[in-house]
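Enquirer: One file is attached below, run_37.txt, containing compact mmCIF, C-alpha atoms.
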```
# COMPACT_ATOMS: atom_id res chain seq x y z
CA MET O 1156 115.52 254.83 44.67
CA ILE O 1157 114.98 255.40 40.97
CA GLN O 1158 111.83 256.98 39.64
CA LEU O 1159 109.72 254.72 37.45
CA ASN O 1160 110.11 255.87 33.84
CA ALA O 1161 109.55 254.96 30.23
CA ASN O 1162 112.82 253.00 30.05
CA HIS O 1163 111.47 250.59 32.63
CA LEU O 1164 108.41 250.00 30.50
CA LEU O 1165 110.61 249.46 27.49
CA TYR O 1166 112.64 246.93 29.47
CA LEU O 1167 109.44 245.06 30.34
CA LEU O 1168 108.38 245.01 26.69
CA GLU O 1169 111.77 243.68 25.63
CA ALA O 1170 111.51 240.95 28.26
CA ALA O 1171 108.04 240.12 26.94
CA ARG O 1172 109.75 238.92 23.74
CA TRP O 1173 111.36 236.16 25.79
CA THR O 1174 107.96 235.25 27.17
CA VAL O 1175 106.69 234.93 23.61
CA LEU O 1176 109.73 232.89 22.53
CA LEU O 1177 109.42 230.56 25.51
CA SER O 1178 105.70 230.13 24.79
CA LEU O 1179 106.48 229.19 21.19
CA ILE O 1180 109.13 226.68 22.29
CA ALA O 1181 106.70 225.17 24.78
CA PHE O 1182 103.89 225.00 22.25
CA LEU O 1183 105.98 223.49 19.45
CA GLY O 1184 107.79 221.08 21.77
CA GLY O 1185 104.56 220.20 23.53
CA GLY O 1186 102.87 219.55 20.20
CA LEU O 1187 105.71 217.36 18.91
CA VAL O 1188 105.65 215.20 22.04
CA GLY O 1189 101.91 215.55 22.64
CA LEU O 1190 100.71 214.06 19.35
CA PRO O 1191 102.59 210.77 19.78
CA LEU O 1192 101.31 210.69 23.36
CA ALA O 1193 97.72 211.07 22.17
CA LEU O 1194 98.23 208.29 19.60
CA MET O 1195 99.86 206.08 22.23
CA ARG O 1196 96.87 206.58 24.52
CA LEU O 1197 94.67 205.26 21.68
CA SER O 1198 97.01 202.47 20.66
CA LYS O 1199 95.96 198.83 20.50
CA ILE O 1200 99.10 197.89 22.41
CA GLY O 1201 98.47 197.90 26.15
CA LEU O 1202 102.04 198.76 27.13
CA LEU O 1203 102.02 201.96 25.04
CA ARG O 1204 98.69 202.99 26.56
CA THR O 1205 99.98 202.43 30.11
CA LEU O 1206 103.22 204.31 29.43
CA ALA O 1207 101.43 207.30 27.98
CA SER O 1208 98.77 207.53 30.66
CA GLY O 1209 101.37 207.02 33.37
CA TYR O 1210 103.38 209.93 31.99
CA ILE O 1211 100.30 212.12 31.74
CA GLN O 1212 99.20 211.36 35.29
CA LEU O 1213 102.70 212.01 36.56
CA ILE O 1214 102.91 215.45 34.96
CA GLN O 1215 99.33 216.44 35.69
CA GLY O 1216 99.75 215.45 39.33
CA THR O 1217 102.91 217.50 39.96
CA PRO O 1218 103.15 221.29 40.01
CA LEU O 1219 104.93 222.78 37.00
CA LEU O 1220 107.15 224.64 39.46
CA ILE O 1221 108.50 221.32 40.77
CA VAL O 1222 109.00 220.02 37.23
CA LEU O 1223 111.00 223.19 36.57
CA PHE O 1224 113.21 222.69 39.62
CA LEU O 1225 113.70 219.02 38.75
CA SER O 1226 114.84 219.73 35.21
CA TYR O 1227 116.97 222.66 36.31
CA PHE O 1228 118.83 220.71 39.00
CA GLY O 1229 118.51 217.43 37.11
CA LEU O 1230 120.45 218.89 34.17
CA GLY O 1231 123.13 219.87 36.64
CA ILE O 1232 123.38 216.32 37.89
CA LEU O 1233 123.77 215.02 34.35
CA GLY O 1234 126.78 217.31 34.12
CA TYR O 1235 125.35 220.00 31.89
CA LYS O 1236 125.72 223.63 32.73
CA LEU O 1237 122.57 225.08 34.26
CA ILE O 1238 121.06 227.13 31.45
CA PRO O 1239 117.70 228.55 32.56
CA LEU O 1240 116.29 228.81 29.01
CA VAL O 1241 117.00 225.12 28.34
CA ALA O 1242 115.58 223.99 31.67
CA ALA O 1243 112.50 226.16 31.21
CA GLY O 1244 112.03 224.99 27.62
CA ILE O 1245 112.30 221.34 28.63
CA SER O 1246 109.88 221.58 31.57
CA LEU O 1247 107.30 223.62 29.68
CA THR O 1248 107.55 221.11 26.83
CA LEU O 1249 106.98 218.21 29.23
CA TYR O 1250 104.07 220.07 30.79
CA ALA O 1251 102.43 221.15 27.53
CA ALA O 1252 102.85 217.67 26.03
CA ALA O 1253 100.89 216.04 28.86
CA PHE O 1254 97.98 218.45 28.54
CA LEU O 1255 97.96 218.66 24.72
CA GLY O 1256 98.15 214.86 24.58
CA GLU O 1257 95.00 214.58 26.66
CA ILE O 1258 93.20 217.32 24.73
CA TRP O 1259 94.05 215.76 21.37
CA ARG O 1260 93.14 212.27 22.50
CA GLY O 1261 89.68 213.62 23.33
CA CYS O 1262 89.47 215.26 19.91
CA ILE O 1263 90.48 212.08 18.09
CA GLU O 1264 87.91 210.12 20.10
CA ALA O 1265 85.29 212.72 19.17
CA VAL O 1266 85.54 211.66 15.51
CA PRO O 1267 82.53 209.36 15.02
CA ARG O 1268 83.26 205.61 15.20
CA THR O 1269 81.55 205.15 11.86
CA GLN O 1270 84.45 206.97 10.20
CA TRP O 1271 86.81 204.25 11.46
CA GLU O 1272 84.44 201.53 10.32
CA ALA O 1273 83.93 203.06 6.89
CA SER O 1274 87.67 203.45 6.33
CA ASP O 1275 88.13 199.86 7.52
CA CYS O 1276 85.69 198.74 4.86
CA LEU O 1277 87.66 200.64 2.25
CA GLY O 1278 90.69 198.58 3.19
CA LEU O 1279 92.77 201.39 4.65
CA ASN O 1280 95.43 200.39 7.15
CA ARG O 1281 95.76 202.06 10.53
CA PHE O 1282 98.28 204.65 9.29
CA GLN O 1283 96.11 205.56 6.32
CA GLN O 1284 93.04 205.74 8.53
CA TYR O 1285 94.76 208.28 10.77
CA ALA O 1286 96.39 210.23 7.96
CA TYR O 1287 93.50 210.49 5.50
CA VAL O 1288 90.32 210.04 7.52
CA VAL O 1289 90.56 210.61 11.26
CA LEU O 1290 93.23 213.24 11.87
CA PRO O 1291 91.95 215.75 9.29
CA GLN O 1292 88.58 215.67 11.05
CA ALA O 1293 90.13 215.67 14.54
CA VAL O 1294 92.18 218.77 13.70
CA ARG O 1295 89.02 220.79 13.16
CA ILE O 1296 87.69 219.71 16.54
CA ALA O 1297 91.05 220.31 18.18
CA ILE O 1298 91.71 223.89 17.12
CA PRO O 1299 89.50 225.74 19.66
CA PRO O 1300 90.71 223.89 22.80
CA THR O 1301 94.31 224.02 21.57
CA VAL O 1302 94.17 227.79 21.16
CA GLY O 1303 92.58 227.95 24.61
CA PHE O 1304 95.43 225.95 26.08
CA MET O 1305 97.98 228.34 24.55
CA VAL O 1306 96.73 230.89 27.07
CA GLN O 1307 97.77 228.50 29.86
CA ILE O 1308 101.20 228.10 28.27
CA VAL O 1309 101.79 231.84 28.02
CA LYS O 1310 100.75 232.33 31.64
CA ASN O 1311 102.86 229.43 32.87
CA THR O 1312 106.02 230.75 31.25
CA SER O 1313 105.95 233.22 34.16
CA LEU O 1314 107.21 230.38 36.37
CA ALA O 1315 110.50 230.32 34.46
CA SER O 1316 111.33 233.46 36.43
CA VAL O 1317 112.00 231.38 39.56
CA ILE O 1318 115.01 229.65 38.01
CA GLY O 1319 116.39 233.00 36.96
CA PHE O 1320 115.27 233.18 33.34
CA VAL O 1321 114.67 236.84 32.57
CA GLU O 1322 111.26 236.89 30.93
CA LEU O 1323 108.42 239.28 31.65
CA SER O 1324 107.82 238.31 35.30
CA ARG O 1325 111.49 238.29 36.22
CA ALA O 1326 111.93 241.64 34.46
CA GLY O 1327 109.06 242.96 36.59
CA GLN O 1328 110.83 241.78 39.74
CA ILE O 1329 114.10 243.36 38.61
CA VAL O 1330 112.47 246.71 37.88
CA ASN O 1331 110.65 246.49 41.20
CA ASN O 1332 113.91 245.94 43.04
CA SER O 1333 115.27 249.26 41.80
CA THR O 1334 112.14 251.42 41.92
CA PHE O 1335 110.06 249.72 44.59
CA GLU O 1336 106.66 250.51 43.18
CA PRO O 1337 105.28 246.99 43.10
CA PHE O 1338 101.64 247.88 42.51
CA ALA O 1339 102.32 249.91 39.38
CA ILE O 1340 104.96 247.55 38.03
CA PHE O 1341 103.14 244.29 38.50
CA SER O 1342 99.96 245.87 37.16
CA ALA O 1343 101.91 246.82 34.06
CA VAL O 1344 103.29 243.27 33.84
CA ALA O 1345 99.78 241.86 34.27
CA LEU O 1346 98.56 244.20 31.52
CA ILE O 1347 101.24 242.94 29.10
CA TYR O 1348 100.29 239.33 29.85
CA PHE O 1349 96.65 240.27 29.33
CA VAL O 1350 97.44 241.80 25.95
CA LEU O 1351 99.21 238.56 24.97
CA CYS O 1352 96.52 236.22 26.29
CA TYR O 1353 93.22 237.96 25.73
CA PRO O 1354 93.28 237.74 21.90
CA LEU O 1355 93.97 234.01 22.24
CA SER O 1356 91.02 233.63 24.64
CA VAL O 1357 88.73 235.51 22.30
CA ALA O 1358 89.97 233.50 19.32
CA ALA O 1359 89.35 230.24 21.20
CA ARG O 1360 85.79 231.31 22.01
CA THR O 1361 85.05 232.47 18.47
CA LEU O 1362 86.45 229.28 16.95
CA GLU O 1363 84.42 227.26 19.45
CA ARG O 1364 81.22 229.06 18.41
CA LYS O 1365 82.02 228.54 14.73
CA ALA O 1366 82.73 224.87 15.28
CA HIS O 1367 79.29 224.42 16.82
CA ALA O 1368 77.46 226.65 14.32
CA GLY O 1369 76.25 223.72 12.29
CA ARG O 1370 74.73 221.92 15.26
CA MET R 1407 127.06 209.79 35.39
CA SER R 1408 128.95 209.86 38.68
CA TYR R 1409 126.21 211.41 40.78
CA LYS R 1410 125.35 209.59 44.01
CA PHE R 1411 121.83 209.97 45.28
CA ASP R 1412 121.66 210.70 48.97
CA PHE R 1413 118.40 210.82 50.85
CA ALA R 1414 120.02 210.79 54.31
CA PHE R 1415 118.77 214.30 55.11
CA LEU R 1416 115.26 212.89 55.35
CA ALA R 1417 116.01 211.51 58.82
CA ASP R 1418 116.30 215.09 60.14
CA LYS R 1419 114.07 216.96 57.77
CA TRP R 1420 110.94 214.88 57.43
CA PRO R 1421 108.97 216.93 60.01
CA ASP R 1422 109.59 220.03 57.85
CA PHE R 1423 108.06 218.33 54.84
CA VAL R 1424 105.04 217.23 56.89
CA ALA R 1425 104.57 220.77 58.20
CA GLY R 1426 104.88 222.17 54.66
CA ALA R 1427 102.39 219.70 53.26
CA TRP R 1428 99.98 220.50 56.09
CA LEU R 1429 100.16 224.23 55.32
CA THR R 1430 99.59 223.47 51.62
CA ILE R 1431 96.48 221.50 52.60
CA GLN R 1432 95.19 224.28 54.85
CA LEU R 1433 95.82 227.03 52.30
CA THR R 1434 94.20 225.14 49.46
CA ILE R 1435 91.15 223.88 51.33
CA LEU R 1436 90.37 227.44 52.45
CA SER R 1437 90.95 228.83 48.96
CA ILE R 1438 88.90 226.14 47.27
CA ALA R 1439 85.98 226.69 49.67
CA PHE R 1440 86.04 230.50 49.48
CA GLY R 1441 86.75 230.43 45.75
CA PHE R 1442 83.81 228.13 45.18
CA LEU R 1443 81.45 230.45 47.09
CA LEU R 1444 82.80 233.52 45.29
CA GLY R 1445 82.62 231.83 41.91
CA THR R 1446 79.10 230.53 42.44
CA ALA R 1447 77.90 233.98 43.50
CA CYS R 1448 79.57 235.50 40.43
CA ALA R 1449 78.08 232.85 38.16
CA VAL R 1450 74.57 233.61 39.47
CA ALA R 1451 75.27 237.32 38.98
CA ARG R 1452 76.54 236.67 35.49
CA VAL R 1453 73.47 234.73 34.42
CA TYR R 1454 70.67 236.46 36.36
CA GLY R 1455 72.15 239.88 37.21
CA GLY R 1456 71.60 243.22 35.50
CA PRO R 1457 73.77 244.34 32.57
CA LEU R 1458 76.21 246.32 34.73
CA LEU R 1459 76.75 243.43 37.15
CA ARG R 1460 77.20 241.03 34.24
CA ARG R 1461 79.89 243.24 32.73
CA LEU R 1462 81.69 243.62 36.04
CA VAL R 1463 81.79 239.87 36.59
CA GLY R 1464 82.88 239.37 32.98
CA ALA R 1465 85.75 241.81 33.46
CA TYR R 1466 86.81 240.06 36.67
CA VAL R 1467 86.80 236.64 35.02
CA GLU R 1468 88.71 237.78 31.93
CA THR R 1469 91.30 239.70 33.94
CA ILE R 1470 92.10 236.77 36.20
CA ARG R 1471 92.00 234.12 33.51
CA ASN R 1472 94.35 236.03 31.21
CA THR R 1473 97.08 236.89 33.72
CA PRO R 1474 99.50 234.53 35.50
CA LEU R 1475 98.82 233.50 39.09
CA LEU R 1476 102.39 234.48 39.99
CA ILE R 1477 101.69 238.11 39.09
CA GLN R 1478 98.34 238.03 40.90
CA ILE R 1479 100.12 236.84 44.03
CA PHE R 1480 102.75 239.57 43.67
CA ILE R 1481 100.07 242.25 43.30
CA VAL R 1482 98.23 241.06 46.42
CA TYR R 1483 101.36 240.66 48.55
CA PHE R 1484 103.79 243.36 47.38
CA GLY R 1485 101.31 245.66 45.65
CA LEU R 1486 98.75 245.98 48.43
CA SER R 1487 101.42 246.34 51.11
CA SER R 1488 103.01 249.24 49.19
CA LEU R 1489 99.57 250.87 49.16
CA GLY R 1490 99.49 250.58 52.94
CA LEU R 1491 97.54 247.32 53.35
CA LYS R 1492 99.97 244.96 55.08
CA LEU R 1493 98.98 241.32 54.86
CA SER R 1494 100.91 238.26 55.99
CA ALA R 1495 102.18 235.89 53.31
CA GLU R 1496 99.61 233.24 54.25
CA VAL R 1497 96.67 235.65 54.10
CA SER R 1498 97.90 237.05 50.78
CA ALA R 1499 98.23 233.52 49.43
CA VAL R 1500 94.69 232.61 50.43
CA ILE R 1501 93.33 235.85 48.94
CA ALA R 1502 95.16 235.41 45.63
CA LEU R 1503 94.25 231.72 45.34
CA THR R 1504 90.63 232.45 46.24
CA VAL R 1505 90.32 235.19 43.64
CA ASN R 1506 91.93 232.88 41.08
CA MET R 1507 89.74 229.89 41.93
CA GLY R 1508 86.69 232.19 41.93
CA ALA R 1509 87.25 233.26 38.33
CA TYR R 1510 87.54 229.70 37.03
CA THR R 1511 84.60 228.53 39.17
CA THR R 1512 82.48 231.35 37.72
CA GLU R 1513 82.97 230.03 34.20
CA ILE R 1514 82.41 226.41 35.22
CA MET R 1515 79.26 227.15 37.24
CA ARG R 1516 77.94 229.48 34.54
CA ALA R 1517 78.07 226.60 32.09
CA GLY R 1518 76.24 224.43 34.62
CA ILE R 1519 73.56 227.02 35.32
CA GLN R 1520 72.96 227.63 31.63
CA SER R 1521 72.49 223.91 31.09
CA ILE R 1522 69.43 223.93 33.39
CA LEU R 1523 66.31 224.38 31.30
CA ARG R 1524 64.22 227.53 31.81
CA THR R 1525 61.18 225.35 32.33
CA GLN R 1526 62.66 224.21 35.64
CA LEU R 1527 62.61 227.79 36.91
CA GLU R 1528 59.07 228.30 35.60
CA ALA R 1529 57.94 225.14 37.38
CA ALA R 1530 59.56 226.36 40.60
CA ASP R 1531 57.69 229.65 40.17
CA CYS R 1532 54.41 227.78 39.83
CA LEU R 1533 55.16 225.87 43.02
CA GLY R 1534 55.45 229.20 44.83
CA LEU R 1535 59.18 229.09 45.50
CA THR R 1536 60.79 232.47 45.90
CA ARG R 1537 63.44 233.49 43.40
CA PHE R 1538 66.16 232.75 45.95
CA GLN R 1539 64.78 229.31 46.82
CA ALA R 1540 64.35 228.47 43.17
CA ILE R 1541 67.92 229.41 42.28
CA LEU R 1542 69.37 227.59 45.27
CA HIS R 1543 67.40 224.34 45.12
CA VAL R 1544 66.28 224.03 41.52
CA VAL R 1545 69.20 225.56 39.65
CA LEU R 1546 72.41 225.52 41.67
CA LEU R 1547 72.52 222.00 43.03
CA PRO R 1548 71.70 220.23 39.74
CA ALA R 1549 74.02 222.65 37.92
CA MET R 1550 76.79 221.76 40.33
CA GLU R 1551 76.13 218.07 39.86
CA ARG R 1552 76.55 218.47 36.11
CA VAL R 1553 79.84 220.34 36.27
CA TYR R 1554 81.21 218.57 39.34
CA PRO R 1555 84.04 216.77 37.49
CA SER R 1556 85.32 220.11 36.16
CA LEU R 1557 85.07 221.67 39.61
CA ALA R 1558 87.04 218.78 41.10
CA SER R 1559 89.78 219.07 38.44
CA GLN R 1560 89.98 222.79 39.05
CA GLY R 1561 90.39 222.11 42.76
CA VAL R 1562 93.30 219.74 42.12
CA LEU R 1563 94.87 222.24 39.71
CA LEU R 1564 94.59 224.93 42.38
CA MET R 1565 96.30 222.69 44.92
CA LEU R 1566 99.19 222.21 42.47
CA ALA R 1567 99.23 225.92 41.66
CA SER R 1568 99.51 226.75 45.37
CA SER R 1569 103.18 225.80 44.98
CA ILE R 1570 103.59 229.24 43.39
CA THR R 1571 102.85 230.90 46.73
CA SER R 1572 106.33 229.76 47.80
CA GLN R 1573 107.52 232.84 45.90
CA ILE R 1574 106.15 235.16 48.60
CA SER R 1575 107.69 233.06 51.38
CA THR R 1576 104.55 231.24 52.42
CA GLU R 1577 106.17 228.24 54.05
CA GLU R 1578 104.17 225.57 52.29
CA LEU R 1579 105.52 222.42 50.68
CA THR R 1580 107.51 224.00 47.84
CA ALA R 1581 109.00 226.70 50.07
CA THR R 1582 110.01 223.99 52.51
CA ALA R 1583 111.74 222.20 49.67
CA ASN R 1584 113.59 225.39 48.74
CA LEU R 1585 114.73 225.81 52.35
CA VAL R 1586 115.82 222.20 52.77
CA GLN R 1587 117.73 222.19 49.50
CA SER R 1588 119.64 225.34 50.44
CA ASP R 1589 120.46 223.63 53.75
CA THR R 1590 121.53 220.26 52.41
CA TYR R 1591 122.55 220.95 48.76
CA ARG R 1592 120.66 217.79 47.73
CA SER R 1593 118.41 219.77 45.37
CA PHE R 1594 117.43 216.98 43.00
CA GLU R 1595 116.55 214.55 45.78
CA VAL R 1596 114.55 217.20 47.64
CA TYR R 1597 112.42 218.01 44.60
CA VAL R 1598 111.91 214.33 43.78
CA ILE R 1599 110.51 213.83 47.28
CA VAL R 1600 108.28 216.88 47.00
CA ALA R 1601 107.04 215.75 43.59
CA VAL R 1602 106.02 212.44 45.13
CA VAL R 1603 104.24 214.23 47.99
CA TYR R 1604 102.35 216.39 45.46
CA LEU R 1605 101.35 213.28 43.51
CA ALA R 1606 100.01 211.76 46.72
CA LEU R 1607 98.18 214.99 47.54
CA SER R 1608 96.59 215.02 44.06
CA ALA R 1609 95.36 211.48 44.61
CA LEU R 1610 94.09 212.44 48.07
CA TYR R 1611 92.23 215.47 46.72
CA ARG R 1612 90.65 213.43 43.94
CA LEU R 1613 89.48 210.93 46.54
CA GLY R 1614 88.18 213.76 48.72
CA PHE R 1615 86.23 215.33 45.86
CA TRP R 1616 84.78 211.94 44.97
CA ALA R 1617 83.65 211.41 48.58
CA ILE R 1618 82.09 214.90 48.77
CA GLY R 1619 80.30 214.17 45.51
CA GLN R 1620 78.92 210.95 46.93
CA VAL R 1621 77.52 212.78 49.96
CA LEU R 1622 76.23 215.78 48.04
CA PHE R 1623 74.54 214.13 45.09
CA GLU R 1624 72.18 211.58 46.53
CA ARG R 1625 70.46 210.91 43.24
CA ARG R 1626 73.70 210.08 41.50
CA ARG R 1627 74.81 207.86 44.37
CA ARG R 1628 71.58 205.85 44.18
CA LEU R 1629 71.24 205.61 40.42
CA GLY R 1630 74.84 206.01 39.34
CA THR R 1631 73.84 207.92 36.22
CA PRO R 1632 74.80 211.48 35.32
CA LEU R 1633 72.06 214.09 35.19
```
The structure in this file should be written as structure tokens.
Expert:
Amino acid sequence: MIQLNANHLLYLLEAARWTVLLSLIAFLGGGLVGLPLALMRLSKIGLLRTLASGYIQLIQGTPLLIVLFLSYFGLGILGYKLIPLVAAGISLTLYAAAFLGEIWRGCIEAVPRTQWEASDCLGLNRFQQYAYVVLPQAVRIAIPPTVGFMVQIVKNTSLASVIGFVELSRAGQIVNNSTFEPFAIFSAVALIYFVLCYPLSVAARTLERKAHAGR
Amino acid sequence: MSYKFDFAFLADKWPDFVAGAWLTIQLTILSIAFGFLLGTACAVARVYGGPLLRRLVGAYVETIRNTPLLIQIFIVYFGLSSLGLKLSAEVSAVIALTVNMGAYTTEIMRAGIQSILRTQLEAADCLGLTRFQAILHVVLLPAMERVYPSLASQGVLLMLASSITSQISTEELTATANLVQSDTYRSFEVYVIVAVVYLALSALYRLGFWAIGQVLFERRRRLGTPL
């Protein structure tokens, strides 16, 4: 048995960089897929609405862990080599897109109807309405809940550990296997997650308060 | 793509999936119930308690909400047992899920409680209700009615999150899937089946929460309008 030492802590901190990277991939990927999803949910075409809401219900009704296993083994079936980072990135993107899509749809719907009507009267087409009138206002509403959801993303990257991707949680397990001091190690891991997430939580709350200051 | 899907293992293995799903249901119903009670108590403490109690509850909520469930489960199962408190995987799972659900419920119920006007409490005082009666009948039930959709979503999310307890060898649905796939090597098929079962469970839980809401909130059932 090896005594727990500073090197172990350093190893955890290095692994935390992968947690951050995976969170960024999930957030960017989720945003890129999530925005079209939100727009599809609000589309005038019924088929697009059904597709988007079907996708969202599918993802929101399945555990992320299962999505992870499906993309990990699914990639294998398609003949690609099983790369944990790719599988984790794909599943977290799918997951984040479903939730961000719903959050952003709500934010777009929160823009008063009169804004649509006014821009209609000015002769703007649907694209211009979104680009110049609705989305700029929706973004302001969307920032607090989006920052709040980033906390969920960071926490959920911990699940990538089960398919063998060495991020913070997996690093914790590895260190634990050699030192066997689970309480200390997982507390340290929890602390690192807390340090990553708490500022985001506080930021979300502050932004939320600022957004409602005028009301 | 030359892959051939093969679901033949289902003929042998379906009882395992049923048993796994049943354990998932048991674990999550217990955790949702205990977590709700814990969270409601904490929410009352957070709104009406003294400054020290408020801070303690605040620390609890922030700690749980800013750390992953996976790590919480590890701390309860591996951490506590290394400190001498040996718990079975199932008990650890229920404890971790309860503590997790409790933190989220605290925030949801706090929002509900704070949405009840002070005048309601003053009126209850005038009617001679004790503080306890007033909080229970005048504040908590209407508060719960207001935030019920959030509570129900949180319950469904917890059921999905219970899949993470497979990591400490609780033999619920996901762990069953892991076992069956290592037996049969049909990993993709196994997880497709389990995904479908989880989807069905989500629908079932939503239905269950709706039914409980119908029984609990008589006023809403009669009038059909939110508070």
Enquirer: List as number ranges by chain the protein and nucleic acid residues near O:Leu1233, meaning an atom at most 12 Å away when all atoms listed in the file are counted, but skip any in the same chain fewer than 4 places from it.
Expert: O: 1225-1229, 1237; R: 1407-1410, 1594
Enquirer: For atom CA of R:Glu1468 and atom CA of R:Tyr1510, quote the distance in Å rounded to one decimal.
Expert: 9.6 Å
Enquirer: Mind checking which residues fall within 12 Å of O:Ala1286, counting all atoms listed in the file, ignoring those fewer than 5 positions away in the same chain, and posting them as a PyMOL selection string?
Expert: chain O and resi 1194+1263+1271+1274+1279-1281+1291-1294
Enquirer: With all atoms listed in the file as the basis for distance, which of R:Cys1532, R:Ile1470, R:Met1507, R:Ala1417 is at the shortest distance from R:Ser1568?
Expert: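 Among the listed residues, the smallest separation from R:Ser1568 belongs to R:Met1507.
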Enquirer: Could you pull the residues within 9 Å of R:Leu1547, counting all atoms listed in the file, minus those fewer than 5 positions along the same chain, as a count of residues only?
Expert: 5
Enquirer: When you look at O:Ile1245 with a cut-off of 8 Å (counting only C-alpha atoms), what residues show up, excluding the ones that are within fewer than 4 positions of it in the same chain? I need them as a compact mmCIF listing (two decimals) with C-alpha atoms, keeping the file's coordinate frame.
Expert:
```
# COMPACT_ATOMS: atom_id res chain seq x y z
CA ALA O 1181 106.70 225.17 24.78
CA SER O 1226 114.84 219.73 35.21
CA VAL O 1241 117.00 225.12 28.34
CA LEU O 1249 106.98 218.21 29.23
```
Enquirer: Just to confirm, what's the straight-line distance from atom CA of R:Ser1521 to atom CA of O:Cys1352 in Å (one decimal)?
Expert: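 Pair atom CA of R:Ser1521 / atom CA of O:Cys1352 returns 27.4 Å.
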Enquirer: Return as a PyMOL selection string the residues belonging to chain R that are within 10 Å of chain O, counting all atoms listed in the file.
Expert: chain R and resi 1407-1411+1468-1489+1562-1570+1572-1573+1580+1583-1584+1592-1598+1600-1609
Enquirer: Give as number ranges by chain every residue, naming chains and numbers as the document does, that has an atom within 10 Å of (90.2, 219.8, 47.4), counting all atoms listed in the file.
Expert: R: 1431, 1434-1439, 1557-1565, 1607-1608, 1610-1616, 1618
Enquirer: Which value, in Å to one decimal, gives the distance between atom CA of R:Ala1427 and atom CA of R:Glu1578?
Expert: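 Pair atom CA of R:Ala1427 / atom CA of R:Glu1578 returns 6.2 Å.
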Enquirer: Which residues come within 9 Å of R:Phe1415, counting all atoms listed in the file, excluding same-chain residues fewer than 5 positions away, as a list in words?
Expert: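 So, after excluding close chain neighbours, the residues are Trp1420, Val1586, Thr1590 and Arg1592 of chain R.
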Enquirer: Regenerate stretch 1203-1217 of chain O at the level of N, CA and C atoms and dump it as a PDB file, keeping the file's coordinate frame.
Expert:
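Just written: selection.pdb:
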```
ATOM      1  N   LEU O1203     101.933 200.564  25.474  1.00  0.00           N
ATOM      2  CA  LEU O1203     102.020 201.960  25.040  1.00  0.00           C
ATOM      3  C   LEU O1203     100.977 202.813  25.752  1.00  0.00           C
ATOM      4  N   ARG O1204      99.755 202.250  25.865  1.00  0.00           N
ATOM      5  CA  ARG O1204      98.690 202.990  26.560  1.00  0.00           C
ATOM      6  C   ARG O1204      99.081 203.287  27.999  1.00  0.00           C
ATOM      7  N   THR O1205      99.613 202.256  28.701  1.00  0.00           N
ATOM      8  CA  THR O1205      99.980 202.430  30.110  1.00  0.00           C
ATOM      9  C   THR O1205     101.098 203.458  30.251  1.00  0.00           C
ATOM     10  N   LEU O1206     102.110 203.354  29.372  1.00  0.00           N
ATOM     11  CA  LEU O1206     103.220 204.310  29.430  1.00  0.00           C
ATOM     12  C   LEU O1206     102.722 205.735  29.284  1.00  0.00           C
ATOM     13  N   ALA O1207     101.895 205.942  28.250  1.00  0.00           N
ATOM     14  CA  ALA O1207     101.430 207.300  27.980  1.00  0.00           C
ATOM     15  C   ALA O1207     100.569 207.822  29.117  1.00  0.00           C
ATOM     16  N   SER O1208      99.650 206.992  29.627  1.00  0.00           N
ATOM     17  CA  SER O1208      98.770 207.530  30.660  1.00  0.00           C
ATOM     18  C   SER O1208      99.534 207.686  31.964  1.00  0.00           C
ATOM     19  N   GLY O1209     100.528 206.838  32.196  1.00  0.00           N
ATOM     20  CA  GLY O1209     101.370 207.020  33.370  1.00  0.00           C
ATOM     21  C   GLY O1209     102.094 208.349  33.320  1.00  0.00           C
ATOM     22  N   TYR O1210     102.670 208.656  32.154  1.00  0.00           N
ATOM     23  CA  TYR O1210     103.380 209.930  31.990  1.00  0.00           C
ATOM     24  C   TYR O1210     102.431 211.102  32.227  1.00  0.00           C
ATOM     25  N   ILE O1211     101.240 211.008  31.626  1.00  0.00           N
ATOM     26  CA  ILE O1211     100.300 212.120  31.740  1.00  0.00           C
ATOM     27  C   ILE O1211      99.870 212.325  33.185  1.00  0.00           C
ATOM     28  N   GLN O1212      99.607 211.213  33.893  1.00  0.00           N
ATOM     29  CA  GLN O1212      99.200 211.360  35.290  1.00  0.00           C
ATOM     30  C   GLN O1212     100.331 211.914  36.150  1.00  0.00           C
ATOM     31  N   LEU O1213     101.534 211.512  35.820  1.00  0.00           N
ATOM     32  CA  LEU O1213     102.700 212.010  36.560  1.00  0.00           C
ATOM     33  C   LEU O1213     102.811 213.526  36.427  1.00  0.00           C
ATOM     34  N   ILE O1214     102.738 214.012  35.183  1.00  0.00           N
ATOM     35  CA  ILE O1214     102.910 215.450  34.960  1.00  0.00           C
ATOM     36  C   ILE O1214     101.707 216.234  35.475  1.00  0.00           C
ATOM     37  N   GLN O1215     100.503 215.697  35.251  1.00  0.00           N
ATOM     38  CA  GLN O1215      99.330 216.440  35.690  1.00  0.00           C
ATOM     39  C   GLN O1215      99.140 216.391  37.194  1.00  0.00           C
ATOM     40  N   GLY O1216      99.871 215.530  37.884  1.00  0.00           N
ATOM     41  CA  GLY O1216      99.750 215.450  39.330  1.00  0.00           C
ATOM     42  C   GLY O1216     100.888 216.134  40.070  1.00  0.00           C
ATOM     43  N   THR O1217     101.798 216.782  39.326  1.00  0.00           N
ATOM     44  CA  THR O1217     102.910 217.500  39.960  1.00  0.00           C
ATOM     45  C   THR O1217     102.840 218.961  39.532  1.00  0.00           C
TER      46      THR O1217
END
```
